[in-house]
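> What follows is a single structure, and I will ask about it in a moment.
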Amino acid sequence: MQIAGLDGAVTWPTKIAHRLKDVPASPLEEPPLQTHVSQPHRMAGRFTFLSVRRRAMGRITDMTVAQRKWLTHWDMLVAVDNQGRMRWMRKLDRRAAGIEHLASGNLFVHDTESCSREIDVAGNVTRAWFAAQRPQGAEEGGIPVDVRGLHHQPRQMPNGKFLALSAHAGRVKVWPASVREPDKHKADREIVGDMVVEFTPEGEVVWSWDSFDHPDPDRIGHDALDAYWHVRGFPGAADWTHGNGVAYDESDDSVLVSLRLQDCILKIDRLSGETVWILGDHDGWPARLQGRLLAPIGENFRWPWHLHNPRVTSEGTIMLFDNGIHGARPGQERVAFHESFSRGVEYSVDRDAMSVEQVWSSALTDADAMERTWAMGDAHRLEDSDTALVIHSIAMPHGRDDIGMDEDDRSLRYVSEFPFHARSLEYNRKDIRDIVFDMTVRDENDLIHWEVFSGMRVDSLHPKGSGIKLDLRDALLPERAA
């Protein structure tokens, strides 16, 4: 075989064979990307990594074993360039729950089987950590972490250790048995709360914070009685806090934790373990935490509802995805789903004044809302370009007033019984109507639900200092028009 080189043809002694691995094996595995807007010269970074998931239409409680396996035993990590063309992919055998970069430049991917894996640019798993007490048992070649479970997206701290969420259950007496009338209906119940843990690369837990020691277990949230934990190792348990994001604030050695069903972010002092402040609606908090509630100031302020995945910016502000659903606490009149709206939002907290100001949002009114997203979502402030990347993980059909939000209510079609898609939008932060990137993952036939759990923007596909000289934009995959 002859290969064209810089100095002419080079003869290779044997045939060269290359077999792609971990790529789609059927059309049902090919994420249907559509790029609607792309202005590369105005975008931050050159590549967007996305964690793409799929599922069949319907309530999880109604799915067959085969349908459930189809959605839980598959995920696709993809990287697209700033024109929306696919340039890298790796198929996983488990449903992923987030994607981040490690200090090494490798990918840090968590899955729904309580395992986090480090994956290099060639797609190889170089390290893995798993919850030692998980129902699935040990991970081959993995490092055990002595917790019941690991969920959502862990993050690497500046000290090289990892910050993660772990779920555990407790038995609570006379717990609210209704989100419509929480004060009227009570019953003993096992509920799932969250621990925040810090563990070393060797798997040793060196710090932890337990939600059962801090918020009031009687303060429930909408969706508390859904079957979320029933298929995640806690059969029959109710969902109390539903932590879905952690972040480390190096400026004061504190931890931020997002609690979806409590509709808030807690700031936790890592040295004392005490709650520094609470960013969220003020209703229903016990007297001992009233002094920790932040007071809203400024124009266009809006509390987050069922929020997701906070991040600390270089300026110390907090960027997060606000699903915006329900808009009220249990026992209060909720906002109908079609009247809610989802957004990326940035808050600035004044710790001395105990106040919080909304400094940016991708939607200020319902008219600004590009999508309504009932779960997950991600938001990044991209400071080099003064833009913001907002990922709507599960975007619902527009113009419908019959979308139900209660999994146990059979009088309305539940959200997962409608076709949905994912959408990634990059906004000019000075003018939210100025979109510099817009890409959807959507089945044109509305047969497969496509989700994007989270994403990130990077300049290069390979780690700095790796010694790789190859331009991977042109080497990993041929151009694919999105």
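By order in the structure tokens, chains are A, B, ...; within a chain, residues start at 1; ligands start at 1, following the order shown.
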Quick one: residues within 12 Å of Gly203 in chain A, only C-alpha atoms counted, chain neighbours fewer than 2 positions away excluded, as a list in words?
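In the requested format, the answer is Cys115, Ser116, Arg127, Ala128, Trp129, Phe130, Ala131, Ala132, Gly142, Ile143, Pro144, Val145, Asp146, Val147, Lys161, Phe162, Leu163, Ala164, Val197, Glu198, Phe199, Thr200, Pro201, Val205, Val206 and Trp207 of chain A.
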> Next, write the just-selected residues to a file, as a PDB file, in the first residue's frame, keeping N, CA and C atoms as the atom set.

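Written output follows (result37.pdb):
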```pdb
ATOM      1  N   CYS A 115     -21.816   5.352  38.339  1.00  0.00           N
ATOM      2  CA  CYS A 115     -20.422   5.213  37.930  1.00  0.00           C
ATOM      3  C   CYS A 115     -19.994   6.446  37.148  1.00  0.00           C
ATOM      4  N   SER A 116     -18.804   6.959  37.463  1.00  0.00           N
ATOM      5  CA  SER A 116     -18.213   8.076  36.722  1.00  0.00           C
ATOM      6  C   SER A 116     -16.957   7.575  36.020  1.00  0.00           C
ATOM      7  N   ARG A 127     -10.022   5.710  33.664  1.00  0.00           N
ATOM      8  CA  ARG A 127     -10.311   5.481  35.077  1.00  0.00           C
ATOM      9  C   ARG A 127     -11.816   5.477  35.265  1.00  0.00           C
ATOM     10  N   ALA A 128     -12.253   4.832  36.349  1.00  0.00           N
ATOM     11  CA  ALA A 128     -13.687   4.826  36.670  1.00  0.00           C
ATOM     12  C   ALA A 128     -13.854   4.755  38.179  1.00  0.00           C
ATOM     13  N   TRP A 129     -14.911   5.403  38.668  1.00  0.00           N
ATOM     14  CA  TRP A 129     -15.261   5.375  40.089  1.00  0.00           C
ATOM     15  C   TRP A 129     -16.722   4.940  40.196  1.00  0.00           C
ATOM     16  N   PHE A 130     -17.024   4.110  41.179  1.00  0.00           N
ATOM     17  CA  PHE A 130     -18.405   3.641  41.319  1.00  0.00           C
ATOM     18  C   PHE A 130     -18.802   3.622  42.794  1.00  0.00           C
ATOM     19  N   ALA A 131     -20.110   3.728  43.036  1.00  0.00           N
ATOM     20  CA  ALA A 131     -20.630   3.663  44.402  1.00  0.00           C
ATOM     21  C   ALA A 131     -20.519   2.229  44.897  1.00  0.00           C
ATOM     22  N   ALA A 132     -19.765   2.037  45.967  1.00  0.00           N
ATOM     23  CA  ALA A 132     -19.480   0.681  46.450  1.00  0.00           C
ATOM     24  C   ALA A 132     -20.744  -0.059  46.869  1.00  0.00           C
ATOM     25  N   GLY A 142     -12.840  -0.625  38.265  1.00  0.00           N
ATOM     26  CA  GLY A 142     -13.209   0.671  38.824  1.00  0.00           C
ATOM     27  C   GLY A 142     -12.706   0.864  40.249  1.00  0.00           C
ATOM     28  N   ILE A 143     -12.769   2.095  40.711  1.00  0.00           N
ATOM     29  CA  ILE A 143     -12.349   2.464  42.063  1.00  0.00           C
ATOM     30  C   ILE A 143     -13.604   2.647  42.910  1.00  0.00           C
ATOM     31  N   PRO A 144     -13.765   1.891  44.010  1.00  0.00           N
ATOM     32  CA  PRO A 144     -14.980   2.015  44.815  1.00  0.00           C
ATOM     33  C   PRO A 144     -14.970   3.273  45.675  1.00  0.00           C
ATOM     34  N   VAL A 145     -16.144   3.901  45.777  1.00  0.00           N
ATOM     35  CA  VAL A 145     -16.365   5.027  46.674  1.00  0.00           C
ATOM     36  C   VAL A 145     -17.426   4.569  47.665  1.00  0.00           C
ATOM     37  N   ASP A 146     -17.168   4.683  48.949  1.00  0.00           N
ATOM     38  CA  ASP A 146     -18.021   4.084  49.964  1.00  0.00           C
ATOM     39  C   ASP A 146     -19.294   4.903  50.202  1.00  0.00           C
ATOM     40  N   VAL A 147     -20.209   4.850  49.224  1.00  0.00           N
ATOM     41  CA  VAL A 147     -21.501   5.512  49.318  1.00  0.00           C
ATOM     42  C   VAL A 147     -22.561   4.589  48.734  1.00  0.00           C
ATOM     43  N   LYS A 161      -9.618  16.649  43.790  1.00  0.00           N
ATOM     44  CA  LYS A 161     -10.630  15.730  44.310  1.00  0.00           C
ATOM     45  C   LYS A 161     -11.953  15.965  43.595  1.00  0.00           C
ATOM     46  N   PHE A 162     -12.959  15.180  43.941  1.00  0.00           N
ATOM     47  CA  PHE A 162     -14.233  15.240  43.232  1.00  0.00           C
ATOM     48  C   PHE A 162     -15.367  15.556  44.196  1.00  0.00           C
ATOM     49  N   LEU A 163     -16.283  16.375  43.723  1.00  0.00           N
ATOM     50  CA  LEU A 163     -17.479  16.740  44.466  1.00  0.00           C
ATOM     51  C   LEU A 163     -18.648  16.040  43.788  1.00  0.00           C
ATOM     52  N   ALA A 164     -19.464  15.323  44.573  1.00  0.00           N
ATOM     53  CA  ALA A 164     -20.508  14.508  43.966  1.00  0.00           C
ATOM     54  C   ALA A 164     -21.738  14.442  44.849  1.00  0.00           C
ATOM     55  N   VAL A 197     -20.748  14.664  48.771  1.00  0.00           N
ATOM     56  CA  VAL A 197     -19.506  14.058  49.234  1.00  0.00           C
ATOM     57  C   VAL A 197     -18.334  14.579  48.416  1.00  0.00           C
ATOM     58  N   GLU A 198     -17.188  14.650  49.061  1.00  0.00           N
ATOM     59  CA  GLU A 198     -15.923  14.943  48.393  1.00  0.00           C
ATOM     60  C   GLU A 198     -15.056  13.700  48.520  1.00  0.00           C
ATOM     61  N   PHE A 199     -14.576  13.195  47.386  1.00  0.00           N
ATOM     62  CA  PHE A 199     -13.732  12.005  47.456  1.00  0.00           C
ATOM     63  C   PHE A 199     -12.466  12.188  46.635  1.00  0.00           C
ATOM     64  N   THR A 200     -11.443  11.470  47.022  1.00  0.00           N
ATOM     65  CA  THR A 200     -10.136  11.571  46.379  1.00  0.00           C
ATOM     66  C   THR A 200     -10.110  10.728  45.108  1.00  0.00           C
ATOM     67  N   PRO A 201      -9.098  10.922  44.250  1.00  0.00           N
ATOM     68  CA  PRO A 201      -8.966  10.053  43.073  1.00  0.00           C
ATOM     69  C   PRO A 201      -8.821   8.583  43.442  1.00  0.00           C
ATOM     70  N   VAL A 205     -13.664   8.959  50.759  1.00  0.00           N
ATOM     71  CA  VAL A 205     -14.551  10.076  51.076  1.00  0.00           C
ATOM     72  C   VAL A 205     -13.919  10.889  52.204  1.00  0.00           C
ATOM     73  N   VAL A 206     -13.642  12.174  51.938  1.00  0.00           N
ATOM     74  CA  VAL A 206     -12.936  13.009  52.918  1.00  0.00           C
ATOM     75  C   VAL A 206     -13.827  14.118  53.482  1.00  0.00           C
ATOM     76  N   TRP A 207     -15.007  14.296  52.914  1.00  0.00           N
ATOM     77  CA  TRP A 207     -15.939  15.308  53.420  1.00  0.00           C
ATOM     78  C   TRP A 207     -17.337  14.939  52.959  1.00  0.00           C
TER      79      TRP A 207
END
```
> Near Arg55 in chain A, within 7 Å and counting only C-alpha atoms, which residues show up once chain neighbours fewer than 6 positions away are dropped, as a list in words?
Leu71, Ile448, His449 and Trp450 of chain A
> Go through range 68-262 of chain A and collect every residue that DSSP, computed from the backbone, puts in alpha helix (DSSP H); the answer should be as number ranges by chain.
A: 68-72
> For Leu102 in chain A, find every residue with an atom within 10 Å (counting only C-alpha atoms), except residues of its own chain fewer than 4 positions away, and show them as a tab-separated table (two decimals) with C-alpha atoms, in the first residue's frame.

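result.tsv, freshly written:
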```tsv
chain	number	residue	atom	x	y	z
A	106	ASN	CA	-10.11	14.13	29.24
A	107	LEU	CA	-13.88	13.83	29.45
A	108	PHE	CA	-15.57	13.15	32.79
A	109	VAL	CA	-18.84	11.31	32.18
A	118	GLU	CA	-12.71	9.33	32.58
A	119	ILE	CA	-12.64	8.93	28.79
A	155	ARG	CA	-17.23	17.92	39.35
A	156	GLN	CA	-13.49	18.00	39.85
A	157	MET	CA	-12.32	20.53	42.43
A	160	GLY	CA	-7.95	17.41	42.18
A	463	PRO	CA	-5.97	17.67	25.77
```
> Identify, on the basis of only C-alpha atoms, every residue whose closest approach to Arg171 in chain A does not exceed 10 Å; exclude the query and any residue fewer than 4 positions from it along the same chain; express the result as a list of chain:residue names.
A:Trp175, A:Asp188, A:Arg189, A:Glu190, A:Ile191, A:Val192, A:Ala237
> Return the single residue from A:Ala295, A:Arg68, A:Ala169, A:Gly331 that is closest to Asp183 in chain A, with distances computed using only C-alpha atoms.
A:Gly331
> If I take CA of Gln83 in chain A and CA of Met456 in chain A, how far is one from the other in Å, to one decimal?
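We find that CA of Gln83 in chain A and CA of Met456 in chain A lie 15.4 Å from each other.
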> Between A:Arg59, A:His151, A:Arg90, A:Arg85, which residue has the minimum interatomic distance to Glu29 in chain A, considering only C-alpha atoms?
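Looking only at the distances to Glu29 in chain A, the closest residue turns out to be A:Arg90.
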> Find the spatial neighbours of range 394-404 of chain A, counting only C-alpha atoms, within a cut-off of 10 Å - ignore same-chain residues fewer than 3 positions away - and output them as number ranges by chain.
A: 323, 336-339, 342, 370-377, 391, 407-423, 440, 442, 449-453
> Could you pull out all residues of range 201-426 of chain A with a DSSP call of strand (DSSP E) and give them as number ranges by chain?
A: 205-210, 238-239, 243-249, 254-259, 264-269, 275-280, 295-297, 307-312, 318-322, 343-350, 355-361, 378-382, 387-395, 403-404, 413-414, 421-426
> Can you measure CA of Arg260 in chain A to CA of Asn244 in chain A for me? One decimal in Å is fine.
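CA of Asn244 in chain A lies at a distance of 6.5 Å from CA of Arg260 in chain A.
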> Using only C-alpha atoms for the distances, tell me which of A:Phe437, A:Trp305, A:Phe321, A:Trp229 is nearest to Ile60 in chain A.
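Checking each of A:Phe437, A:Trp305, A:Phe321, A:Trp229 against Ile60 in chain A, counting only C-alpha atoms, the winner is A:Trp229.
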> Find the residues around Thr35 in chain A up to 8 Å (only C-alpha atoms counted), leave out those fewer than 2 positions away in its own chain, and share them as number ranges by chain.
A: 33, 37-38, 83-84, 437-440, 482
> Of the candidates A:Pro40, A:Met57, A:Val390, A:Val80, which one gets nearest to Asp446 in chain A if we count only C-alpha atoms?
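Distance minimum relative to Asp446 in chain A lands on A:Met57.
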> So how many Å separate CA of Val246 in chain A and CA of Ile265 in chain A, to one decimal?
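Computing it gives 9.4 Å between the two atoms.
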> Please provide the set of residues having any atom within 7 Å of Lys267 in chain A, restricted to only C-alpha atoms, with same-chain residues fewer than 6 positions apart removed, written as a list in words.
Ser254, Val255, Leu256, Val257, Thr275, Val276, Trp277 and Ile278 of chain A
> Could you take the residues named above and write them with C-alpha atoms, as a short mmCIF file (atom, residue, chain, number, x, y, z; two decimals), in the first residue's frame?

```
data_model
loop_
_atom_site.label_atom_id
_atom_site.label_comp_id
_atom_site.auth_asym_id
_atom_site.auth_seq_id
_atom_site.Cartn_x
_atom_site.Cartn_y
_atom_site.Cartn_z
CA SER A 254 -18.03 26.66 49.94
CA VAL A 255 -20.24 24.26 48.05
CA LEU A 256 -23.38 25.01 46.07
CA VAL A 257 -26.01 22.30 45.78
CA THR A 275 -25.99 26.64 55.44
CA VAL A 276 -24.68 30.11 54.48
CA TRP A 277 -27.67 31.16 52.38
CA ILE A 278 -30.69 29.83 50.49
#
```
